[in-house]
>>> print(open('upload08.cif').read())   # mmCIF, C-alpha atoms (C1' of nucleotides)
data_run
#
loop_
_atom_site.label_atom_id
_atom_site.label_comp_id
_atom_site.auth_asym_id
_atom_site.auth_seq_id
_atom_site.Cartn_x
_atom_site.Cartn_y
_atom_site.Cartn_z
CA MET A 1 102.06 91.49 142.30
CA GLN A 2 102.39 88.26 144.21
CA PHE A 3 105.04 86.14 145.80
CA SER A 4 105.91 83.12 143.66
CA LYS A 5 105.06 79.59 144.65
CA SER A 6 108.76 78.89 144.95
CA THR A 7 108.88 81.19 147.95
CA ASP A 8 106.08 79.23 149.53
CA TYR A 9 107.88 75.94 149.00
CA ALA A 10 111.16 77.33 150.29
CA LEU A 11 109.60 78.55 153.54
CA HIS A 12 107.76 75.30 154.17
CA ALA A 13 110.84 73.26 153.34
CA LEU A 14 112.88 75.19 155.90
CA ILE A 15 110.22 74.65 158.53
CA HIS A 16 110.27 70.94 157.83
CA LEU A 17 114.06 70.88 158.17
CA THR A 18 113.81 72.72 161.48
CA LEU A 19 111.24 70.31 162.85
CA SER A 20 113.35 67.34 161.73
CA GLU A 21 116.72 68.64 162.87
CA LYS A 22 117.25 65.80 165.29
CA ASP A 23 116.73 63.20 162.54
CA GLY A 24 119.87 64.22 160.70
CA HIS A 25 119.75 64.85 156.95
CA ILE A 26 116.46 65.03 155.14
CA GLY A 27 116.38 63.71 151.57
CA ILE A 28 114.92 65.72 148.74
CA LYS A 29 112.45 62.90 148.14
CA GLU A 30 110.96 63.10 151.59
CA LEU A 31 110.93 66.87 151.40
CA ALA A 32 109.20 66.90 148.02
CA HIS A 33 106.64 64.36 149.14
CA THR A 34 105.89 66.28 152.30
CA LEU A 35 105.31 69.49 150.37
CA GLY A 36 103.42 67.82 147.57
CA VAL A 37 105.73 69.01 144.79
CA SER A 38 108.00 67.24 142.33
CA VAL A 39 111.57 66.39 143.24
CA SER A 40 113.00 68.11 140.15
CA TYR A 41 111.29 71.36 140.90
CA LEU A 42 112.13 71.44 144.58
CA SER A 43 115.76 70.71 143.73
CA LYS A 44 116.09 74.06 142.02
CA ILE A 45 114.68 75.83 145.03
CA MET A 46 116.92 73.98 147.49
CA SER A 47 119.94 74.76 145.31
CA LYS A 48 119.28 78.45 145.67
CA LEU A 49 118.97 78.11 149.43
CA ARG A 50 122.24 76.22 149.46
CA GLN A 51 124.10 78.75 147.31
CA ASP A 52 123.06 81.45 149.77
CA GLY A 53 124.26 79.51 152.79
CA ILE A 54 120.85 78.88 154.31
CA VAL A 55 121.02 75.08 154.04
CA ARG A 56 123.80 72.55 153.62
CA ALA A 57 123.57 69.66 151.15
CA VAL A 58 125.25 66.29 151.60
CA PRO A 59 125.32 64.01 148.56
CA GLY A 60 125.71 60.28 148.71
CA VAL A 61 124.00 57.56 150.67
CA ASN A 62 122.07 58.86 153.67
CA GLY A 63 122.72 62.35 152.37
CA GLY A 64 120.21 65.16 152.17
CA TYR A 65 119.71 68.63 153.53
CA GLU A 66 120.09 70.30 156.89
CA LEU A 67 120.04 73.89 158.08
CA ALA A 68 123.36 75.65 157.72
CA ARG A 69 122.53 77.97 160.62
CA PRO A 70 120.18 78.04 163.60
CA ALA A 71 116.57 78.59 162.56
CA ASP A 72 116.32 81.73 164.67
CA GLU A 73 118.93 83.38 162.46
CA ILE A 74 116.98 82.68 159.27
CA THR A 75 114.54 85.50 158.60
CA PHE A 76 111.60 85.51 156.23
CA LEU A 77 113.18 88.45 154.43
CA GLU A 78 116.32 86.51 153.68
CA VAL A 79 114.48 83.51 152.28
CA ILE A 80 112.22 85.68 150.16
CA GLN A 81 115.12 87.65 148.75
CA VAL A 82 117.00 84.50 147.82
CA ILE A 83 114.03 83.14 145.89
CA GLU A 84 112.48 86.31 144.50
CA GLY A 85 115.68 88.20 143.91
CA ARG A 86 116.75 91.49 145.37
CA GLU A 87 115.33 93.88 142.82
CA GLN A 88 113.43 96.84 144.15
CA LEU A 89 109.68 96.58 144.43
CA PHE A 90 109.25 99.69 142.32
CA GLU A 91 111.18 101.17 139.44
CA CYS A 92 110.32 104.54 138.00
CA SER A 93 110.12 104.09 134.24
CA ASN A 94 109.58 107.77 133.58
CA LEU A 95 113.20 108.69 133.93
CA HIS A 96 113.28 110.76 130.79
CA SER A 97 109.71 112.04 130.69
CA GLN A 98 108.63 115.56 131.45
CA GLN A 99 106.56 114.28 134.33
CA HIS A 100 109.49 112.72 136.07
CA GLN A 101 111.57 115.82 135.70
CA LEU A 102 108.79 117.85 137.15
CA LEU A 103 108.99 115.73 140.24
CA SER A 104 112.71 115.75 140.63
CA GLU A 105 115.44 116.95 138.36
CA GLU A 106 113.84 119.75 136.46
CA MET A 107 113.13 121.75 139.54
CA ALA A 108 116.52 121.04 140.92
CA GLU A 109 118.14 121.93 137.65
CA VAL A 110 116.49 125.30 137.38
CA HIS A 111 116.89 126.41 140.95
CA LEU A 112 119.72 124.40 142.32
CA PRO A 113 121.88 122.89 139.61
CA LYS A 114 123.99 120.77 141.94
CA HIS A 115 121.00 118.75 142.99
CA ARG A 116 120.94 116.45 139.94
CA GLY A 117 119.99 112.81 140.25
CA SER A 118 117.50 113.41 143.02
CA GLU A 119 114.83 110.78 143.04
CA CYS A 120 111.29 110.84 141.79
CA LEU A 121 108.95 111.58 144.68
CA VAL A 122 106.66 108.72 143.69
CA LYS A 123 109.56 106.34 143.95
CA LYS A 124 110.47 107.74 147.34
CA VAL A 125 107.05 106.84 148.68
CA MET A 126 107.26 103.36 147.20
CA ASP A 127 110.75 102.82 148.57
CA GLY A 128 109.39 103.75 151.96
CA ALA A 129 106.71 101.11 151.56
CA GLU A 130 109.29 98.51 150.66
CA GLU A 131 111.39 99.38 153.70
CA GLN A 132 108.29 99.00 155.86
CA LEU A 133 107.70 95.55 154.42
CA HIS A 134 111.33 94.53 154.88
CA GLN A 135 111.36 95.65 158.47
CA TYR A 136 108.47 93.36 159.24
CA LEU A 137 109.92 90.39 157.38
CA ARG A 138 113.29 90.83 159.06
CA GLN A 139 111.64 90.48 162.44
CA HIS A 140 110.11 87.10 161.68
CA THR A 141 112.26 83.98 161.70
CA ILE A 142 111.66 80.37 160.77
CA GLN A 143 112.21 79.41 164.41
CA ALA A 144 109.43 81.74 165.54
CA VAL A 145 106.90 79.97 163.32
CA VAL A 146 108.06 76.56 164.47
CA ASP A 147 107.79 77.63 168.11
CA GLN A 148 104.30 78.87 167.49
CA ALA A 149 103.33 75.55 165.92
CA LEU A 150 104.78 73.56 168.80
CA ASN A 151 103.21 75.80 171.45
CA ARG A 152 99.90 75.39 169.74
CA GLN A 153 100.24 71.62 169.84
CA HIS A 154 101.35 71.79 173.44
CA GLY A 155 98.48 74.04 174.35
CA PHE A 156 95.99 71.64 172.84
CA THR A 157 97.38 68.53 174.52
CA SER A 158 97.59 70.11 177.94
CA LYS A 159 94.01 71.25 177.70
CA LYS A 160 92.76 67.71 177.20
CA MET B 1 107.95 90.38 142.74
CA GLN B 2 107.61 93.86 141.40
CA PHE B 3 104.95 96.44 140.78
CA SER B 4 104.00 96.66 137.11
CA LYS B 5 104.84 99.64 134.95
CA SER B 6 101.13 100.32 134.67
CA THR B 7 101.10 101.26 138.33
CA ASP B 8 103.91 103.69 137.72
CA TYR B 9 102.05 105.31 134.84
CA ALA B 10 98.81 105.48 136.80
CA LEU B 11 100.46 107.26 139.72
CA HIS B 12 102.25 109.75 137.53
CA ALA B 13 99.14 110.40 135.48
CA LEU B 14 97.18 111.22 138.62
CA ILE B 15 99.87 113.60 139.77
CA HIS B 16 99.75 115.35 136.42
CA LEU B 17 95.99 115.66 136.67
CA THR B 18 96.31 117.12 140.15
CA LEU B 19 98.87 119.69 139.05
CA SER B 20 96.71 120.67 136.07
CA GLU B 21 93.36 120.75 137.86
CA LYS B 22 92.81 124.42 137.15
CA ASP B 23 93.25 123.86 133.38
CA GLY B 24 90.07 121.79 133.10
CA HIS B 25 90.15 118.47 131.28
CA ILE B 26 93.42 116.91 130.23
CA GLY B 27 93.43 114.93 126.98
CA ILE B 28 94.87 111.45 126.80
CA LYS B 29 97.27 112.71 124.13
CA GLU B 30 98.82 115.30 126.39
CA LEU B 31 98.92 112.83 129.26
CA ALA B 32 100.58 110.15 127.14
CA HIS B 33 103.13 112.58 125.77
CA THR B 34 103.97 113.87 129.22
CA LEU B 35 104.57 110.39 130.56
CA GLY B 36 106.38 109.19 127.45
CA VAL B 37 104.05 106.28 126.76
CA SER B 38 101.70 105.40 123.90
CA VAL B 39 98.14 106.71 123.85
CA SER B 40 96.67 103.23 123.32
CA TYR B 41 98.42 101.80 126.32
CA LEU B 42 97.67 104.66 128.67
CA SER B 43 94.00 104.47 127.65
CA LYS B 44 93.65 101.05 129.25
CA ILE B 45 95.16 102.32 132.46
CA MET B 46 92.94 105.40 132.58
CA SER B 47 89.91 103.22 131.91
CA LYS B 48 90.62 101.22 135.01
CA LEU B 49 90.99 104.38 137.06
CA ARG B 50 87.68 105.60 135.68
CA GLN B 51 85.84 102.35 136.39
CA ASP B 52 86.97 102.61 139.98
CA GLY B 53 85.79 106.18 140.35
CA ILE B 54 89.21 107.74 140.70
CA VAL B 55 88.99 109.88 137.56
CA ARG B 56 86.17 111.13 135.39
CA ALA B 57 86.31 110.96 131.59
CA VAL B 58 84.57 113.35 129.24
CA PRO B 59 84.44 112.35 125.56
CA GLY B 60 84.03 114.76 122.68
CA VAL B 61 85.70 118.00 121.72
CA ASN B 62 87.68 119.54 124.58
CA GLY B 63 87.05 116.41 126.55
CA GLY B 64 89.59 114.48 128.58
CA TYR B 65 90.19 113.43 132.15
CA GLU B 66 89.90 115.05 135.54
CA LEU B 67 90.04 113.77 139.10
CA ALA B 68 86.73 112.43 140.33
CA ARG B 69 87.66 113.24 143.93
CA PRO B 70 90.07 115.54 145.79
CA ALA B 71 93.65 114.36 145.49
CA ASP B 72 94.00 114.07 149.25
CA GLU B 73 91.37 111.35 149.23
CA ILE B 74 93.23 109.25 146.67
CA THR B 75 95.70 106.97 148.42
CA PHE B 76 98.59 105.07 146.93
CA LEU B 77 97.02 101.84 148.12
CA GLU B 78 93.84 102.49 146.20
CA VAL B 79 95.62 103.23 142.93
CA ILE B 80 97.87 100.22 143.28
CA GLN B 81 94.96 97.91 144.02
CA VAL B 82 93.02 99.15 141.00
CA ILE B 83 95.93 98.45 138.68
CA GLU B 84 97.50 95.40 140.28
CA GLY B 85 94.30 93.77 141.45
CA ARG B 86 93.28 92.90 144.97
CA GLU B 87 94.69 89.40 145.22
CA GLN B 88 96.65 88.59 148.33
CA LEU B 89 100.40 88.94 148.25
CA PHE B 90 100.81 85.36 149.37
CA GLU B 91 98.83 82.20 148.77
CA CYS B 92 99.68 78.97 150.51
CA SER B 93 99.82 76.30 147.81
CA ASN B 94 100.39 73.52 150.30
CA LEU B 95 96.79 73.27 151.30
CA HIS B 96 96.65 69.53 150.98
CA SER B 97 100.21 68.61 151.85
CA GLN B 98 101.35 67.01 155.06
CA GLN B 99 103.47 70.04 155.80
CA HIS B 100 100.57 72.40 155.71
CA GLN B 101 98.52 70.20 157.93
CA LEU B 102 101.34 70.04 160.39
CA LEU B 103 101.18 73.80 160.63
CA SER B 104 97.48 74.07 160.99
CA GLU B 105 94.76 71.52 160.54
CA GLU B 106 96.39 68.29 161.55
CA MET B 107 97.16 69.49 165.02
CA ALA B 108 93.79 71.01 165.34
CA GLU B 109 92.17 67.86 164.04
CA VAL B 110 93.88 65.60 166.51
CA HIS B 111 93.57 67.73 169.56
CA LEU B 112 90.72 70.05 168.89
CA PRO B 113 88.51 68.83 166.06
CA LYS B 114 86.42 71.98 165.87
CA HIS B 115 89.38 74.04 164.88
CA ARG B 116 89.35 73.08 161.19
CA GLY B 117 90.19 75.58 158.51
CA SER B 118 92.69 77.42 160.66
CA GLU B 119 95.34 79.07 158.60
CA CYS B 120 98.87 78.04 157.81
CA LEU B 121 101.27 79.82 160.14
CA VAL B 122 103.49 80.80 157.25
CA LYS B 123 100.58 82.52 155.59
CA LYS B 124 99.76 84.32 158.81
CA VAL B 125 103.18 85.89 158.87
CA MET B 126 102.91 86.88 155.23
CA ASP B 127 99.46 88.32 155.71
CA GLY B 128 100.88 90.40 158.53
CA ALA B 129 103.53 91.69 156.17
CA GLU B 130 100.91 92.63 153.62
CA GLU B 131 98.88 94.49 156.22
CA GLN B 132 102.01 96.39 157.20
CA LEU B 133 102.53 97.40 153.58
CA HIS B 134 98.91 98.42 153.13
CA GLN B 135 98.96 100.54 156.26
CA TYR B 136 101.84 102.54 154.88
CA LEU B 137 100.34 102.93 151.41
CA ARG B 138 97.00 104.01 152.86
CA GLN B 139 98.70 106.86 154.67
CA HIS B 140 100.19 108.35 151.51
CA THR B 141 98.02 110.32 149.11
CA ILE B 142 98.55 111.82 145.67
CA GLN B 143 98.07 115.28 147.19
CA ALA B 144 100.89 114.69 149.66
CA VAL B 145 103.35 114.03 146.85
CA VAL B 146 102.18 117.06 144.90
CA ASP B 147 102.52 119.25 147.98
CA GLN B 148 106.02 117.97 148.51
CA ALA B 149 106.93 118.79 144.91
CA LEU B 150 105.51 122.29 145.16
CA ASN B 151 107.14 122.97 148.52
CA ARG B 152 110.43 121.87 147.10
CA GLN B 153 110.07 124.25 144.21
CA HIS B 154 109.05 127.02 146.55
CA GLY B 155 111.95 126.34 148.83
CA PHE B 156 114.42 126.59 145.99
CA THR B 157 113.06 129.85 144.60
CA SER B 158 112.90 131.58 147.94
CA LYS B 159 116.48 130.65 148.69
CA LYS B 160 117.77 132.45 145.63
"C1'" DT C 1 72.01 118.04 112.41
"C1'" DC C 2 76.71 117.32 110.75
"C1'" DT C 3 81.44 116.85 111.82
"C1'" DA C 4 85.68 116.71 114.14
"C1'" DT C 5 87.31 115.25 118.45
"C1'" DT C 6 87.93 112.22 122.10
"C1'" DA C 7 87.40 108.19 125.08
"C1'" DT C 8 86.00 102.96 125.10
"C1'" DG C 9 86.45 98.16 124.50
"C1'" DG C 10 87.74 94.11 121.85
"C1'" DA C 11 91.13 91.62 119.43
"C1'" DT C 12 95.67 90.62 118.93
"C1'" DA C 13 100.84 90.28 119.10
"C1'" DT C 14 105.03 90.02 121.70
"C1'" DC C 15 107.99 89.15 125.45
"C1'" DA C 16 109.56 87.85 130.06
"C1'" DA C 17 108.97 85.17 134.11
"C1'" DG C 18 107.19 81.42 136.78
"C1'" DT C 19 106.29 76.64 136.82
"C1'" DA C 20 107.64 72.09 135.95
"C1'" DT C 21 110.08 68.06 134.18
"C1'" DC C 22 113.85 65.10 132.34
"C1'" DT C 23 118.49 63.60 131.89
"C1'" DA C 24 123.36 63.31 132.25
"C1'" DC C 25 126.82 64.22 135.75
"C1'" DA C 26 129.37 64.49 140.24
"C1'" DA C 27 130.04 63.33 144.95
"C1'" DT C 28 129.62 60.36 148.96
"C1'" DG C 29 129.24 56.29 152.24
"C1'" DT C 30 129.22 51.29 152.58
"C1'" DA D 1 133.00 49.36 142.75
"C1'" DC D 2 128.21 50.51 143.48
"C1'" DA D 3 123.95 52.21 144.92
"C1'" DT D 4 122.29 56.53 146.56
"C1'" DT D 5 121.66 61.26 146.47
"C1'" DG D 6 122.30 66.10 145.14
"C1'" DT D 7 123.74 69.38 140.88
"C1'" DA D 8 123.26 71.65 136.73
"C1'" DG D 9 121.80 72.26 132.04
"C1'" DA D 10 118.33 71.99 128.57
"C1'" DT D 11 113.76 72.32 127.53
"C1'" DA D 12 108.62 72.83 127.37
"C1'" DC D 13 104.42 74.96 128.97
"C1'" DT D 14 101.64 78.49 130.89
"C1'" DT D 15 100.59 82.87 132.51
"C1'" DG D 16 100.74 87.74 132.96
"C1'" DA D 17 102.59 92.21 131.58
"C1'" DT D 18 103.39 95.15 127.89
"C1'" DA D 19 101.94 97.29 123.80
"C1'" DT D 20 99.36 98.37 119.64
"C1'" DC D 21 95.49 98.74 116.25
"C1'" DC D 22 90.83 99.43 114.96
"C1'" DA D 23 85.88 99.84 115.10
"C1'" DT D 24 82.50 102.05 118.08
"C1'" DA D 25 80.16 105.42 120.98
"C1'" DA D 26 79.62 109.85 122.94
"C1'" DT D 27 80.09 114.80 123.02
"C1'" DA D 28 80.81 119.87 121.84
"C1'" DG D 29 80.61 123.26 118.59
"C1'" DA D 30 79.51 125.03 113.92
#
>>> encode(input="upload08.cif", output="structure tokens")
Amino acid sequence: MQFSKSTDYALHALIHLTLSEKDGHIGIKELAHTLGVSVSYLSKIMSKLRQDGIVRAVPGVNGGYELARPADEITFLEVIQVIEGREQLFECSNLHSQQHQLLSEEMAEVHLPKHRGSECLVKKVMDGAEEQLHQYLRQHTIQAVVDQALNRQHGFTSKK
Amino acid sequence: MQFSKSTDYALHALIHLTLSEKDGHIGIKELAHTLGVSVSYLSKIMSKLRQDGIVRAVPGVNGGYELARPADEITFLEVIQVIEGREQLFECSNLHSQQHQLLSEEMAEVHLPKHRGSECLVKKVMDGAEEQLHQYLRQHTIQAVVDQALNRQHGFTSKK
DNA sequence: TCTATTATGGATATCAAGTATCTACAATGT
DNA sequence: ACATTGTAGATACTTGATATCCATAATAGA
């Protein structure tokens, strides 16, 4: 259970775009070189971000990428979901086992027939965990990380 | 990014053991049949749980598995970490890239040389997310789920 | 002690996903 | 037109999850 490297590249790429906003479009070459990853691979990742409306791509001479929206409206959760997909963290594979029924439908069936389709209690706990995670990731934006980096730099220079 | 099926089986197996505590040892055959999974596969999972001191195994006639500790001392987090491993959810693969340095060491190097080895800000956010997840999973025990299942059953019967 | 029962650990096979690259194609500005 | 730059498809490689089989070790009961 780990986030893929693609997610890592996507997040760092967006931070680079934010920091370079004033410079206009950033080419995939520069981006790939900065992150230390091949152009071909990063292209796939940037395509996903584009398809989801997080960045804009401009082909042609002096083309490249730029943010499609302000960095403070781009949350970690959104980026992660674009790259990792939106499947649930946990799927109960015991749907037809005795065990699963014990924890949900069987009891409902015997005592309260209308209550079919109720969820496995294990899954309920895991869904709660996922919601917890999402809440946190929704609260953190690309802009927040950039601000932190700049403040840090500022803090250091002013101390000298 | 998803929890493996093994985790699902492990959690359900532990719940079955908890519910059957009074019946003494539970054989791997019964366990596997209840969960709807092969004996050979479930064996590997139970072995891990045994090696980590979550269950006890007794070989020989009338042998089988039982909980090594009270179910209210077995947290979801523990079970998940045994099965999934204890690697961090997020690893920054940009350790030697310009981007990474921008977010951590480069600034520190220029302005405050002693501050080497400071972490990437992206990773800090992700580590925070992981801690959030762990906090939640630590608060939920196998016993809690079993209690919920039994209360539900009780609630239904008393209503009739 | 012998035997049936049961868990253990190693070897292995299969499959899906992540990682990574190359190439032909399309769009854009000069 | 033409050089530049992103897009999309095909493909190869690696890794991890899933799953099974078999030989081995340990135990209880006759």
>>> residues_around(input="upload08.cif", residues="A:Arg56", least_positions_apart="4", cutoff="12 Å", atoms="all atoms listed in the file", output="list in words")
Leu14, Leu17, Gly24, His25, Ile26, Gly27, Met46, Ser47, Lys48, Leu49, Arg50, Gln51, Asp52, Gly63, Gly64, Tyr65, Glu66, Leu67, Ala68, Arg69 and Pro70 of chain A; DG6 of chain D
>>> atom_distance(input="upload08.cif", atom1="atom CA of A:Asp127", atom2="atom CA of B:Ser6")
17.1 Å
>>> atom_distance(input="upload08.cif", atom1="atom C1' of C:DA13", atom2="atom CA of B:Ile45")
18.9 Å
>>> resolve_selection(input="upload08.cif", expression="the PyMOL selection byres ((chain A and resi 131) around 12)", output="MDAnalysis selection string")
(chainID A and resid 77 88:90 124:130 132:138) or (chainID B and resid 129 132:133 136:137)
>>> interface_residues(input="upload08.cif", of="chain B", to="chain C", cutoff="7 Å", atoms="all atoms listed in the file", output="PyMOL selection string")
chain B and resi 59-61+63
>>> atom_distance(input="upload08.cif", atom1="atom CA of B:Val82", atom2="atom CA of B:Val58")
20.3 Å
>>> closest_residue(input="upload08.cif", among="D:DA25, D:DT15, D:DA1, D:DT7", to="chain B", atoms="only C-alpha atoms (C1' of nucleotides)")
D:DA25
>>> residues_around(input="upload08.cif", residues="stretch 40-42 of chain B", least_positions_apart="4", cutoff="12 Å", atoms="all atoms listed in the file", output="number ranges by chain")
B: 5-14, 27-36, 46-49, 83; C: 7-9; D: 17-22
>>> closest_residue(input="upload08.cif", among="A:Ser93, A:Ser43, A:Asn151, A:Thr75", to="chain B", atoms="only C-alpha atoms")
A:Ser93
>>> closest_atom_pairs(input="upload08.cif", of="chain D", to="chain A", cutoff="12 Å", atoms="only C-alpha atoms (C1' of nucleotides)", output="tab-separated table")
residue	atom	partner	partner_atom	distance
D:DC2	C1'	A:Val61	CA	10.9
D:DA3	C1'	A:Val61	CA	7.9
D:DT4	C1'	A:Val61	CA	4.6
D:DT5	C1'	A:Gly60	CA	4.7
D:DG6	C1'	A:Pro59	CA	5.0
D:DT7	C1'	A:Ser47	CA	7.9
D:DA8	C1'	A:Lys44	CA	9.2
D:DG9	C1'	A:Lys44	CA	11.6
D:DG16	C1'	A:Met1	CA	10.2
D:DA17	C1'	A:Met1	CA	10.8
>>> closest_residue(input="upload08.cif", among="A:Ala144, A:Cys120, A:Cys92, A:Ile54", to="chain B", atoms="only C-alpha atoms")
A:Cys92
